[in-house]
Amino acid sequence: MAGCSAGAPQAEEAGASTRYSGDEELLQVIRPSFSGPDDIAAVALVADGEVRTAFVRADAETRFEIGSITKTFTGLLLAEAIERGEVALDDPLGIHLDLDDAPVADVTLGALATHQSGLPIFPSDPEWQQEAAALDAEGKDAVDETLDELLALARAEQLPNDPTTAYSNFGAALAGQALAAAAGTEYRDILAERILEPLGLEDTSLPIEDDDHVKGLAQGFTGDRRKADPSTLGAFAPAGGIVTTVEDLARYAQGVIDGPYAGSAALEPNPFGDGDYGYFWALSSRGDRDLVSHDGMTTGFTSALLIDRTAGTAAIVFVNRSSRPVHEVARDLLGQVD
């Protein structure tokens, strides 16, 4: 994939000693947002089949944690698993995972994909919350449960009788693990076999354990500028574990715009929701244009992926700091080709 489209004005090449590199028009958009002394950022703009990129103290090989953008991959995997006959949208979790007769066993995959399950964002177990909060405050890797531990936490949850939309990393993790179980394998395997390898995303990985080191990962920082350890989410990985480069995620966006996932049911309104979600993808509109998107955040990184399906364009933003909203930066980038 080319780093920039033909004819785009250029600053110095990525990897040079300057702070900013890549497409000068994109740099003009992002400079005000990424001027801190520790900022490492990468952005991409996809339009007319071309990819333009720009970097702040980074280059095309720099890896970033993309957090909850991972859920969009899980959504595409859900749509494919339905097509394969492995699962159905109205399957309760208990068909695929060992949840005994706990309330969560009756939650459907469709409800999980629209955050209608009633599950909290993370487990409500007080001991788990206290430990995770303490680690996160120190910039430590706070979430690393095994599958057995994830399921034990799920069995302990009490759900509301009439759940409303409530964003849940917990639910997305369970959905991804159910898809893996239905396929008779691990989540990392179906992710690689069904999305990463077909799209040629060679610089994309899913670190699960502490020794799954990712070469070229930028140093992440917490919102108060503490150094953050790399995230390895264990069984929570389907909710937010992917590490990638901006060019790989641009290739992923192209797969959604006019590639093998352009017609995926994951990108259409989910009948279990109110129209705001497909299968984990956030759905919205701008005038007469249909948008699909997701933002992401880990202990040390923030990201945004915004795709205009009508125009066939996409914007991607990565930065190495948590609690740093970047969705508007993505909108500004997309405005370059409106």
# chains A, B, ... in the order shown; residues from 1 in each chain; ligands from 1

call {"tool": "residues_around", "arguments": {"residues": "A:Gly296", "least_positions_apart": "6", "cutoff": "10 Å", "atoms": "only C-alpha atoms", "output": "PyMOL selection string"}}
result
chain A and resi 65-71+239-240+302-305+317-318+322+325-327

call {"tool": "write_last_selection", "arguments": {"atoms": "all heavy atoms", "output": "compact mmCIF listing (two decimals), in the first residue's frame"}}
result
# COMPACT_ATOMS: atom_id res chain seq x y z
N GLU A 65 -1.95 0.54 19.70
CA GLU A 65 -3.10 -0.20 20.20
C GLU A 65 -4.36 0.53 19.74
O GLU A 65 -4.46 1.75 19.90
CB GLU A 65 -3.07 -0.27 21.72
CG GLU A 65 -1.88 -1.03 22.27
CD GLU A 65 -1.76 -0.99 23.79
OE1 GLU A 65 -2.67 -0.41 24.43
OE2 GLU A 65 -0.78 -1.52 24.33
N ILE A 66 -5.33 -0.20 19.18
CA ILE A 66 -6.53 0.46 18.66
C ILE A 66 -7.76 0.23 19.53
O ILE A 66 -8.85 0.68 19.19
CB ILE A 66 -6.82 0.03 17.21
CG1 ILE A 66 -7.15 -1.46 17.11
CG2 ILE A 66 -5.66 0.41 16.31
CD1 ILE A 66 -7.68 -1.86 15.74
N GLY A 67 -7.59 -0.45 20.67
CA GLY A 67 -8.69 -0.57 21.61
C GLY A 67 -9.97 -1.09 20.97
O GLY A 67 -9.98 -2.09 20.26
N SER A 68 -11.05 -0.38 21.21
CA SER A 68 -12.37 -0.88 20.83
C SER A 68 -12.67 -0.89 19.35
O SER A 68 -13.71 -1.43 18.93
CB SER A 68 -13.46 -0.09 21.57
OG SER A 68 -13.45 -0.43 22.94
N ILE A 69 -11.79 -0.34 18.51
CA ILE A 69 -11.97 -0.55 17.08
C ILE A 69 -11.92 -2.05 16.79
O ILE A 69 -12.51 -2.53 15.81
CB ILE A 69 -10.90 0.21 16.27
CG1 ILE A 69 -11.10 1.72 16.44
CG2 ILE A 69 -10.97 -0.15 14.79
CD1 ILE A 69 -10.03 2.57 15.76
N THR A 70 -11.26 -2.80 17.68
CA THR A 70 -11.25 -4.27 17.58
C THR A 70 -12.66 -4.83 17.48
O THR A 70 -12.89 -5.85 16.83
CB THR A 70 -10.52 -4.87 18.80
OG1 THR A 70 -9.20 -4.33 18.88
CG2 THR A 70 -10.46 -6.39 18.72
N LYS A 71 -13.62 -4.20 18.14
CA LYS A 71 -14.99 -4.70 18.12
C LYS A 71 -15.56 -4.76 16.71
O LYS A 71 -16.42 -5.60 16.42
CB LYS A 71 -15.89 -3.83 19.01
CG LYS A 71 -15.60 -3.92 20.50
CD LYS A 71 -16.56 -3.06 21.29
CE LYS A 71 -16.29 -3.16 22.79
NZ LYS A 71 -15.00 -2.55 23.18
N ALA A 239 -12.70 -7.58 22.57
CA ALA A 239 -13.30 -6.27 22.81
C ALA A 239 -12.33 -5.12 22.55
O ALA A 239 -12.77 -3.98 22.40
CB ALA A 239 -13.79 -6.17 24.26
N GLY A 240 -11.01 -5.41 22.49
CA GLY A 240 -10.11 -4.28 22.34
C GLY A 240 -8.64 -4.57 22.25
O GLY A 240 -7.82 -3.73 22.59
N THR A 302 -5.32 6.21 22.09
CA THR A 302 -6.66 6.56 21.64
C THR A 302 -6.68 6.50 20.12
O THR A 302 -5.67 6.79 19.46
CB THR A 302 -7.06 7.98 22.11
OG1 THR A 302 -6.87 8.09 23.51
CG2 THR A 302 -8.53 8.25 21.80
N SER A 303 -7.82 6.11 19.57
CA SER A 303 -7.90 5.92 18.12
C SER A 303 -9.31 6.18 17.61
O SER A 303 -10.27 6.21 18.39
CB SER A 303 -7.49 4.48 17.76
OG SER A 303 -8.29 3.55 18.47
N ALA A 304 -9.41 6.38 16.30
CA ALA A 304 -10.72 6.55 15.67
C ALA A 304 -10.66 6.02 14.24
O ALA A 304 -9.67 6.20 13.54
CB ALA A 304 -11.14 8.02 15.65
N LEU A 305 -11.74 5.36 13.84
CA LEU A 305 -11.94 4.89 12.47
C LEU A 305 -13.30 5.38 12.02
O LEU A 305 -14.32 5.06 12.64
CB LEU A 305 -11.88 3.36 12.41
CG LEU A 305 -12.34 2.70 11.10
CD1 LEU A 305 -11.44 3.11 9.95
CD2 LEU A 305 -12.38 1.17 11.25
N VAL A 317 -7.23 7.78 12.81
CA VAL A 317 -6.37 8.58 13.69
C VAL A 317 -5.89 7.71 14.84
O VAL A 317 -6.70 7.07 15.52
CB VAL A 317 -7.11 9.81 14.25
CG1 VAL A 317 -6.16 10.64 15.12
CG2 VAL A 317 -7.69 10.66 13.14
N PHE A 318 -4.59 7.70 15.08
CA PHE A 318 -3.99 7.02 16.23
C PHE A 318 -3.14 8.03 17.00
O PHE A 318 -2.41 8.83 16.39
CB PHE A 318 -3.02 5.90 15.79
CG PHE A 318 -3.62 4.78 15.01
CD1 PHE A 318 -2.79 3.99 14.22
CD2 PHE A 318 -4.96 4.46 15.07
CE1 PHE A 318 -3.29 2.92 13.50
CE2 PHE A 318 -5.48 3.40 14.35
CZ PHE A 318 -4.64 2.62 13.56
N SER A 322 -4.04 8.00 26.27
CA SER A 322 -5.44 7.71 26.57
C SER A 322 -6.16 9.01 26.95
O SER A 322 -5.54 10.05 27.16
CB SER A 322 -5.53 6.70 27.72
OG SER A 322 -5.02 7.25 28.92
N PRO A 325 -9.65 12.43 23.13
CA PRO A 325 -10.62 12.23 22.06
C PRO A 325 -10.06 12.64 20.70
O PRO A 325 -9.48 13.72 20.56
CB PRO A 325 -11.79 13.12 22.48
CG PRO A 325 -11.63 13.29 23.96
CD PRO A 325 -10.16 13.30 24.20
N VAL A 326 -10.23 11.77 19.71
CA VAL A 326 -9.70 12.07 18.38
C VAL A 326 -10.75 11.91 17.28
O VAL A 326 -10.43 12.04 16.11
CB VAL A 326 -8.47 11.18 18.06
CG1 VAL A 326 -7.32 11.52 19.00
CG2 VAL A 326 -8.82 9.70 18.12
N HIS A 327 -12.00 11.65 17.66
CA HIS A 327 -13.04 11.46 16.65
C HIS A 327 -13.21 12.71 15.78
O HIS A 327 -13.37 12.61 14.55
CB HIS A 327 -14.37 11.09 17.30
CG HIS A 327 -15.42 10.66 16.32
ND1 HIS A 327 -15.54 9.35 15.89
CD2 HIS A 327 -16.39 11.35 15.67
CE1 HIS A 327 -16.53 9.25 15.03
NE2 HIS A 327 -17.06 10.46 14.87

call {"tool": "closest_atom_pairs", "arguments": {"of": "stretch 222-286 of chain A", "to": "stretch 166-190 of chain A", "cutoff": "9 Å", "atoms": "only C-alpha atoms", "output": "Markdown table"}}
result
| residue | atom | partner | partner_atom | distance |
| --- | --- | --- | --- | --- |
| A:Ala235 | CA | A:Ala173 | CA | 6.8 |
| A:Phe236 | CA | A:Ala173 | CA | 4.8 |
| A:Ala237 | CA | A:Ala173 | CA | 6.5 |
| A:Pro238 | CA | A:Ala173 | CA | 4.9 |
| A:Ala239 | CA | A:Ala173 | CA | 4.9 |
| A:Gly240 | CA | A:Asn169 | CA | 7.8 |
| A:Phe280 | CA | A:Ala172 | CA | 8.1 |

call {"tool": "residues_around", "arguments": {"residues": "A:Arg309", "least_positions_apart": "3", "cutoff": "8 Å", "atoms": "only C-alpha atoms", "output": "ChimeraX atom specification"}}
result
/A:257,289-292,312-313

call {"tool": "write_last_selection", "arguments": {"atoms": "C-alpha atoms", "output": "compact mmCIF listing (two decimals), in the first residue's frame"}}
result
# COMPACT_ATOMS: atom_id res chain seq x y z
CA ILE A 257 -15.50 0.33 1.45
CA ARG A 289 -24.29 9.86 3.53
CA ASP A 290 -24.11 6.65 5.54
CA LEU A 291 -21.25 6.47 8.04
CA VAL A 292 -19.88 3.54 10.01
CA GLY A 312 -16.15 5.57 -0.34
CA THR A 313 -13.79 7.45 1.96

call {"tool": "residues_around", "arguments": {"residues": "stretch 222-227 of chain A", "least_positions_apart": "5", "cutoff": "12 Å", "atoms": "only C-alpha atoms", "output": "list in words"}}
result
Gly36, Pro37, Asp38, Asp39, Leu135, Asp136, Ala137, Glu138, Gly139, Lys140, Asp141, Met297, Thr298, Thr299, Gly300, Phe301, Thr302, Val319, Asn320, Arg321, Ser322, Ser323, Arg324 and Pro325 of chain A

call {"tool": "write_last_selection", "arguments": {"atoms": "N, CA, C and O atoms", "output": "mmCIF file, in the first residue's frame"}}
result
data_model
loop_
_atom_site.group_PDB
_atom_site.id
_atom_site.type_symbol
_atom_site.label_atom_id
_atom_site.label_comp_id
_atom_site.auth_asym_id
_atom_site.auth_seq_id
_atom_site.Cartn_x
_atom_site.Cartn_y
_atom_site.Cartn_z
ATOM 1 N N GLY A 36 2.121 18.025 21.627
ATOM 2 C CA GLY A 36 2.736 17.772 22.921
ATOM 3 C C GLY A 36 4.103 17.133 22.775
ATOM 4 O O GLY A 36 4.396 16.487 21.765
ATOM 5 N N PRO A 37 4.955 17.286 23.773
ATOM 6 C CA PRO A 37 6.328 16.774 23.662
ATOM 7 C C PRO A 37 6.425 15.265 23.546
ATOM 8 O O PRO A 37 7.412 14.752 23.005
ATOM 9 N N ASP A 38 5.428 14.543 24.040
ATOM 10 C CA ASP A 38 5.458 13.078 23.983
ATOM 11 C C ASP A 38 4.541 12.502 22.914
ATOM 12 O O ASP A 38 4.433 11.279 22.781
ATOM 13 N N ASP A 39 3.867 13.362 22.146
ATOM 14 C CA ASP A 39 2.876 12.871 21.192
ATOM 15 C C ASP A 39 3.525 12.060 20.067
ATOM 16 O O ASP A 39 4.482 12.501 19.429
ATOM 17 N N LEU A 135 -4.394 -0.783 39.045
ATOM 18 C CA LEU A 135 -3.383 -1.030 38.013
ATOM 19 C C LEU A 135 -3.470 0.008 36.904
ATOM 20 O O LEU A 135 -2.448 0.530 36.436
ATOM 21 N N ASP A 136 -4.690 0.322 36.484
ATOM 22 C CA ASP A 136 -4.876 1.279 35.397
ATOM 23 C C ASP A 136 -4.353 2.656 35.795
ATOM 24 O O ASP A 136 -3.742 3.362 34.974
ATOM 25 N N ALA A 137 -4.565 3.057 37.044
ATOM 26 C CA ALA A 137 -4.101 4.360 37.512
ATOM 27 C C ALA A 137 -2.585 4.468 37.457
ATOM 28 O O ALA A 137 -2.035 5.573 37.307
ATOM 29 N N GLU A 138 -1.900 3.347 37.565
ATOM 30 C CA GLU A 138 -0.436 3.321 37.506
ATOM 31 C C GLU A 138 0.090 3.098 36.094
ATOM 32 O O GLU A 138 1.294 3.000 35.882
ATOM 33 N N GLY A 139 -0.810 2.991 35.121
ATOM 34 C CA GLY A 139 -0.390 2.718 33.757
ATOM 35 C C GLY A 139 -0.036 1.266 33.524
ATOM 36 O O GLY A 139 0.611 0.937 32.534
ATOM 37 N N LYS A 140 -0.472 0.385 34.409
ATOM 38 C CA LYS A 140 -0.160 -1.037 34.293
ATOM 39 C C LYS A 140 -1.226 -1.753 33.471
ATOM 40 O O LYS A 140 -2.348 -1.282 33.318
ATOM 41 N N ASP A 141 -0.864 -2.915 32.958
ATOM 42 C CA ASP A 141 -1.801 -3.750 32.207
ATOM 43 C C ASP A 141 -2.836 -4.300 33.185
ATOM 44 O O ASP A 141 -2.523 -5.138 34.028
ATOM 45 N N MET A 297 -9.888 3.093 22.856
ATOM 46 C CA MET A 297 -9.045 3.638 23.913
ATOM 47 C C MET A 297 -8.496 2.507 24.762
ATOM 48 O O MET A 297 -9.230 1.577 25.121
ATOM 49 N N THR A 298 -7.211 2.546 25.057
ATOM 50 C CA THR A 298 -6.591 1.630 25.999
ATOM 51 C C THR A 298 -5.919 2.476 27.078
ATOM 52 O O THR A 298 -6.064 3.697 27.108
ATOM 53 N N THR A 299 -5.160 1.844 27.949
ATOM 54 C CA THR A 299 -4.490 2.597 29.006
ATOM 55 C C THR A 299 -3.543 3.636 28.436
ATOM 56 O O THR A 299 -3.337 4.688 29.031
ATOM 57 N N GLY A 300 -2.983 3.384 27.242
ATOM 58 C CA GLY A 300 -1.990 4.298 26.706
ATOM 59 C C GLY A 300 -2.261 4.864 25.335
ATOM 60 O O GLY A 300 -1.431 5.620 24.814
ATOM 61 N N PHE A 301 -3.410 4.560 24.725
ATOM 62 C CA PHE A 301 -3.649 4.962 23.336
ATOM 63 C C PHE A 301 -5.109 5.366 23.121
ATOM 64 O O PHE A 301 -6.010 4.886 23.815
ATOM 65 N N THR A 302 -5.323 6.213 22.095
ATOM 66 C CA THR A 302 -6.658 6.565 21.641
ATOM 67 C C THR A 302 -6.676 6.498 20.119
ATOM 68 O O THR A 302 -5.673 6.791 19.463
ATOM 69 N N VAL A 319 -3.176 7.963 18.318
ATOM 70 C CA VAL A 319 -2.261 8.753 19.140
ATOM 71 C C VAL A 319 -1.911 7.960 20.394
ATOM 72 O O VAL A 319 -2.712 7.142 20.865
ATOM 73 N N ASN A 320 -0.741 8.218 20.943
ATOM 74 C CA ASN A 320 -0.225 7.417 22.058
ATOM 75 C C ASN A 320 -0.587 7.997 23.414
ATOM 76 O O ASN A 320 0.252 8.079 24.312
ATOM 77 N N ARG A 321 -1.819 8.411 23.576
ATOM 78 C CA ARG A 321 -2.260 8.885 24.889
ATOM 79 C C ARG A 321 -3.716 8.527 25.081
ATOM 80 O O ARG A 321 -4.538 8.730 24.186
ATOM 81 N N SER A 322 -4.044 8.004 26.265
ATOM 82 C CA SER A 322 -5.443 7.712 26.574
ATOM 83 C C SER A 322 -6.163 9.006 26.950
ATOM 84 O O SER A 322 -5.541 10.047 27.158
ATOM 85 N N SER A 323 -7.480 8.925 27.034
ATOM 86 C CA SER A 323 -8.306 10.086 27.400
ATOM 87 C C SER A 323 -8.030 11.275 26.492
ATOM 88 O O SER A 323 -8.045 12.428 26.921
ATOM 89 N N ARG A 324 -7.783 10.981 25.227
ATOM 90 C CA ARG A 324 -7.475 12.028 24.249
ATOM 91 C C ARG A 324 -8.441 11.867 23.073
ATOM 92 O O ARG A 324 -8.128 11.190 22.100
ATOM 93 N N PRO A 325 -9.646 12.427 23.133
ATOM 94 C CA PRO A 325 -10.622 12.226 22.056
ATOM 95 C C PRO A 325 -10.062 12.639 20.700
ATOM 96 O O PRO A 325 -9.479 13.718 20.558
#

call {"tool": "closest_residue", "arguments": {"among": "A:Asp210, A:Glu268, A:Glu25, A:Glu247", "to": "A:Asp229", "atoms": "only C-alpha atoms"}}
result
A:Asp210

call {"tool": "select_by_dssp", "arguments": {"residues": "stretch 127-308 of chain A", "states": "alpha helix (DSSP H)", "output": "ChimeraX atom specification"}}
result
/A:127-137,147-155,169-183,187-191,197-199,237-240,246-257

call {"tool": "closest_residue", "arguments": {"among": "A:Thr74, A:Ser231, A:Thr310, A:Gln336", "to": "A:Leu26", "atoms": "only C-alpha atoms"}}
result
A:Gln336

call {"tool": "closest_residue", "arguments": {"among": "A:Leu76, A:Ala113, A:Val337, A:Asp211", "to": "A:Ala262", "atoms": "only C-alpha atoms"}}
result
A:Leu76

call {"tool": "decode", "arguments": {"residues": "stretch 259-274 of chain A", "atoms": "N, CA, C and O atoms", "output": "PDB file, in the first residue's frame"}}
result
ATOM      1  N   GLY A 259     -14.268  -3.751  -0.703  1.00  0.00           N
ATOM      2  CA  GLY A 259     -13.622  -5.058  -0.695  1.00  0.00           C
ATOM      3  C   GLY A 259     -14.564  -6.152  -0.234  1.00  0.00           C
ATOM      4  O   GLY A 259     -15.796  -6.025  -0.347  1.00  0.00           O
ATOM      5  N   PRO A 260     -14.028  -7.202   0.356  1.00  0.00           N
ATOM      6  CA  PRO A 260     -14.847  -8.369   0.698  1.00  0.00           C
ATOM      7  C   PRO A 260     -15.877  -8.129   1.788  1.00  0.00           C
ATOM      8  O   PRO A 260     -16.794  -8.940   1.949  1.00  0.00           O
ATOM      9  N   TYR A 261     -15.767  -7.018   2.521  1.00  0.00           N
ATOM     10  CA  TYR A 261     -16.717  -6.771   3.615  1.00  0.00           C
ATOM     11  C   TYR A 261     -17.706  -5.661   3.293  1.00  0.00           C
ATOM     12  O   TYR A 261     -18.490  -5.260   4.157  1.00  0.00           O
ATOM     13  N   ALA A 262     -17.686  -5.163   2.051  1.00  0.00           N
ATOM     14  CA  ALA A 262     -18.562  -4.051   1.679  1.00  0.00           C
ATOM     15  C   ALA A 262     -20.043  -4.396   1.867  1.00  0.00           C
ATOM     16  O   ALA A 262     -20.850  -3.528   2.205  1.00  0.00           O
ATOM     17  N   GLY A 263     -20.396  -5.648   1.654  1.00  0.00           N
ATOM     18  CA  GLY A 263     -21.791  -6.049   1.787  1.00  0.00           C
ATOM     19  C   GLY A 263     -22.108  -6.773   3.077  1.00  0.00           C
ATOM     20  O   GLY A 263     -23.176  -7.387   3.206  1.00  0.00           O
ATOM     21  N   SER A 264     -21.221  -6.678   4.059  1.00  0.00           N
ATOM     22  CA  SER A 264     -21.422  -7.410   5.311  1.00  0.00           C
ATOM     23  C   SER A 264     -22.654  -6.931   6.065  1.00  0.00           C
ATOM     24  O   SER A 264     -22.912  -5.724   6.174  1.00  0.00           O
ATOM     25  N   ALA A 265     -23.398  -7.871   6.614  1.00  0.00           N
ATOM     26  CA  ALA A 265     -24.552  -7.530   7.454  1.00  0.00           C
ATOM     27  C   ALA A 265     -24.131  -6.764   8.697  1.00  0.00           C
ATOM     28  O   ALA A 265     -24.951  -6.081   9.322  1.00  0.00           O
ATOM     29  N   ALA A 266     -22.844  -6.862   9.066  1.00  0.00           N
ATOM     30  CA  ALA A 266     -22.350  -6.145  10.239  1.00  0.00           C
ATOM     31  C   ALA A 266     -22.487  -4.646  10.098  1.00  0.00           C
ATOM     32  O   ALA A 266     -22.519  -3.912  11.097  1.00  0.00           O
ATOM     33  N   LEU A 267     -22.589  -4.154   8.852  1.00  0.00           N
ATOM     34  CA  LEU A 267     -22.635  -2.729   8.582  1.00  0.00           C
ATOM     35  C   LEU A 267     -24.057  -2.190   8.435  1.00  0.00           C
ATOM     36  O   LEU A 267     -24.244  -1.007   8.165  1.00  0.00           O
ATOM     37  N   GLU A 268     -25.032  -3.057   8.613  1.00  0.00           N
ATOM     38  CA  GLU A 268     -26.441  -2.677   8.492  1.00  0.00           C
ATOM     39  C   GLU A 268     -27.109  -2.686   9.867  1.00  0.00           C
ATOM     40  O   GLU A 268     -26.617  -3.327  10.790  1.00  0.00           O
ATOM     41  N   PRO A 269     -28.244  -1.981  10.030  1.00  0.00           N
ATOM     42  CA  PRO A 269     -28.901  -1.953  11.341  1.00  0.00           C
ATOM     43  C   PRO A 269     -29.197  -3.352  11.861  1.00  0.00           C
ATOM     44  O   PRO A 269     -29.740  -4.193  11.154  1.00  0.00           O
ATOM     45  N   ASN A 270     -28.843  -3.580  13.091  1.00  0.00           N
ATOM     46  CA  ASN A 270     -29.072  -4.860  13.761  1.00  0.00           C
ATOM     47  C   ASN A 270     -30.496  -4.880  14.302  1.00  0.00           C
ATOM     48  O   ASN A 270     -30.896  -3.976  15.038  1.00  0.00           O
ATOM     49  N   PRO A 271     -31.290  -5.896  13.978  1.00  0.00           N
ATOM     50  CA  PRO A 271     -32.685  -5.920  14.435  1.00  0.00           C
ATOM     51  C   PRO A 271     -32.836  -5.967  15.949  1.00  0.00           C
ATOM     52  O   PRO A 271     -33.913  -5.683  16.469  1.00  0.00           O
ATOM     53  N   PHE A 272     -31.775  -6.302  16.672  1.00  0.00           N
ATOM     54  CA  PHE A 272     -31.854  -6.322  18.129  1.00  0.00           C
ATOM     55  C   PHE A 272     -31.674  -4.928  18.732  1.00  0.00           C
ATOM     56  O   PHE A 272     -31.866  -4.752  19.933  1.00  0.00           O
ATOM     57  N   GLY A 273     -31.305  -3.950  17.924  1.00  0.00           N
ATOM     58  CA  GLY A 273     -31.053  -2.619  18.448  1.00  0.00           C
ATOM     59  C   GLY A 273     -32.042  -1.594  17.949  1.00  0.00           C
ATOM     60  O   GLY A 273     -33.119  -1.913  17.460  1.00  0.00           O
ATOM     61  N   ASP A 274     -31.655  -0.319  18.083  1.00  0.00           N
ATOM     62  CA  ASP A 274     -32.541   0.793  17.705  1.00  0.00           C
ATOM     63  C   ASP A 274     -32.047   1.534  16.473  1.00  0.00           C
ATOM     64  O   ASP A 274     -32.457   2.662  16.218  1.00  0.00           O
TER      65      ASP A 274
END
